[in-house]
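This report refers to the structure that appears directly beneath it.
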Number of protein chains: 2
Amino acid sequence: MNSREFKTKLYEELSRVTKALSNPHRLEILDLLAQSPFPVAYIAEQIHLPVANTSQHLQVLKTSGLVRTERKGKYMYYGLAGEHVFDTWITLRKLGFSLNGEINTLLEDYREKRSKLNTINREELLIKLDRQEIYLIDVRPEEEYRKGHIDQAISFPQRELKDHLDKLPKEREIVAYCRGPLCLMADEAVALLNERGYSAVRLNDGFADWIANDMPVNQPEITN
Amino acid sequence: MNSREFKTKLYEELSRVTKALSNPHRLEILDLLAQSPFPVAYIAEQIHLPVANTSQHLQVLKTSGLVRTERKGKYMYYGLAGEHVFDTWITLRKLGFSLNGEINTLLEDYREKRSKLNTINREELLIKLDRQEIYLIDVRPEEEYRKGHIDQAISFPQRELKDHLDKLPKEREIVAYCRGPLCLMADEAVALLNERGYSAVRLNDGFADWIANDMPVNQPEITN
DNA sequence: CATTCATTCAACAAAATTATTGAATGAAAG
DNA sequence: CTTTCATTCAATAATTTTGTTGAATGAATG
């Protein structure tokens, strides 16, 4: 093998990973798996894709080494292959934000229309939690809450939130969080709450970033 | 725009960057541009691709925001759009190495056949340079040497090295470096030198990593 | 102001990726 | 041991990406 053949092969091998990252559905899957491992059917539902198609995308990710599988009962759980995959995803997300002004515009426009953009960051949240100044709600699907959540958070899945408004305090500020900065469930929740006379803000990133920074979590139930 | 439409659009935008990174030739271009900006024809020659094709790849990179252009005289220089692009490239390269065992095997096999794998790292190099224990040669094409090189390095382009062996000392250890860990010019040079009775080793990474770590460089000539 | 030459464009062909459908597999549960 | 059901496979169609060729552009040079 001469030098040129070798280089061609080398960059081809390297591009196997970047090719796996080159599809929007697969990026959305990675963003979801940053929460925790999930079975195929759940992932398919979350990203609104047929199961067979989702399975194919998952296999692309698996072949490239980005995700790994584990069978639990009749379900096949897919999860990120390691912390370096999460870190790379964060790096790429940041790069995307900085290179593509469109993304920021999109997100801001969307959020501006719903809530008043009121956000709080991780440090502020921790302090206010400590002082019991706020009421913290986790608006992700309950499956995800059960696998782990921010310490002291109560589960109020966004989809059912409007049916449980009576359980929320009007006198205390409510902080809602979901998966990460690209996740919209917290925005929807905050918009609804403010409309109904509550005082609500969202955590500016989300659960994935929370655990990535070793903040206090609660994992009440190790699922099998 | 509803929530699903919005998410689809968001991940599509994000994938514009990852799509641009998904082609092996474009990765090789980025790796080259990590050295410094170059005109289209030079890039085409280095990656062994027709100029028109190279131009197309460069435009994909430019549209995604990863590289930017600057006209100098009759040449159009393409360069990385910023430090965050370089950092992301390094992150991806590392991820590729860790996920794809094939890559490490390839590199090691190739190197083992040529030299005896003798390498030196940046810190050792700096110390030995200071003590004048070594003779440091830059084996990249002279164009690249002229744009900047490791302080005290002498230019001995790998392609012409065999015609200038008489200018090298046999009594002192020679250290050769080129672009980065994926670049093979230093390996070829080291192999040749050891064959001819010199004592030579390579710097384990290369010039891109050297400047990324703020090590001492020499930029004798600002080209225009 | 005509010429040169690096680069880009445009059009088409070739190759790779993605989506869709329905059937196959294979572990768990009755 | 049969049934159930989550997942994967296989085949094909639709779409996108990549390569190739030759012509067009347009800035610099004489």
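To be explicit about the labels: the chains of the structure tokens are called A, B, and onward in the order shown, and within each one the residues are counted from 1, while ligands get numbers from 1 in the order they are shown.
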* Return the neighbours of chain B among the residues of chain C, cut-off 9 Å, counting only C-alpha atoms (C1' of nucleotides), as a ChimeraX atom specification. => /C:5-8
Could those selected residues go to a file with C-alpha atoms (C1' of nucleotides), as a short mmCIF file (atom, residue, chain, number, x, y, z; two decimals), in the first residue's frame?
```cif
data_model
loop_
_atom_site.label_atom_id
_atom_site.label_comp_id
_atom_site.auth_asym_id
_atom_site.auth_seq_id
_atom_site.Cartn_x
_atom_site.Cartn_y
_atom_site.Cartn_z
"C1'" DC C 5 -5.04 31.58 -15.84
"C1'" DA C 6 -7.16 30.28 -11.30
"C1'" DT C 7 -11.50 29.30 -10.15
"C1'" DT C 8 -16.36 28.48 -10.73
#
```
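Distance criterion 10 Å to chain B, applied with only C-alpha atoms (C1' of nucleotides), yields DT17, DT18, DG19, DT20, DT21, DG26, DA27 and DA28 of chain D on chain D.
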* To do: Compile the contact shell of region 12-16 of chain D as a ChimeraX atom specification: residues with an atom at most 8 Å away, counting only C-alpha atoms (C1' of nucleotides), same-chain residues fewer than 4 positions apart removed.
  => /C:17-19
* To do: Looking only at alpha helix (DSSP H) from DSSP on the backbone, list the matching residues of region 64-139 of chain A as a ChimeraX atom specification.
  => /A:83-99,101-114,122-130
* List the neighbours of Leu95 (chain B) out to 8 Å using only C-alpha atoms (C1' of nucleotides); skip same-chain residues closer than 5 positions along the sequence, and give me the result as a ChimeraX atom specification. => /A:84-85,88
* To do: Write out as an NGL selection string all residues of region 111-185 of chain A that backbone DSSP assigns to strand (DSSP E).
  => :A and (119-120 or 134-138 or 149-150 or 154-155 or 173-177)
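Proximity to chain A was assessed for B:Leu203, B:Ile137, B:Ala34, B:Val17 counting only C-alpha atoms; the smallest distance is recorded for B:Val17.
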* Proximity to DG22 (chain D) - best of C:DA2, C:DA14, C:DA27, C:DC9, only C-alpha atoms (C1' of nucleotides) -> C:DC9
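Residue nearest chain B within the list A:Asp187, A:Asp138, A:Glu171, A:Asp214: A:Asp187 [criterion: smallest interatomic distance, only C-alpha atoms].
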* **Nearest to DA11 (chain C), chosen from D:DA10, D:DT4, D:DG30, D:DA23, with only C-alpha atoms (C1' of nucleotides) counted in the distances** => D:DA23
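Between chain B and the residues A:Glu124, A:Glu133, A:Glu13, A:Glu5, the shortest atom-to-atom distance, using only C-alpha atoms, involves A:Glu13.
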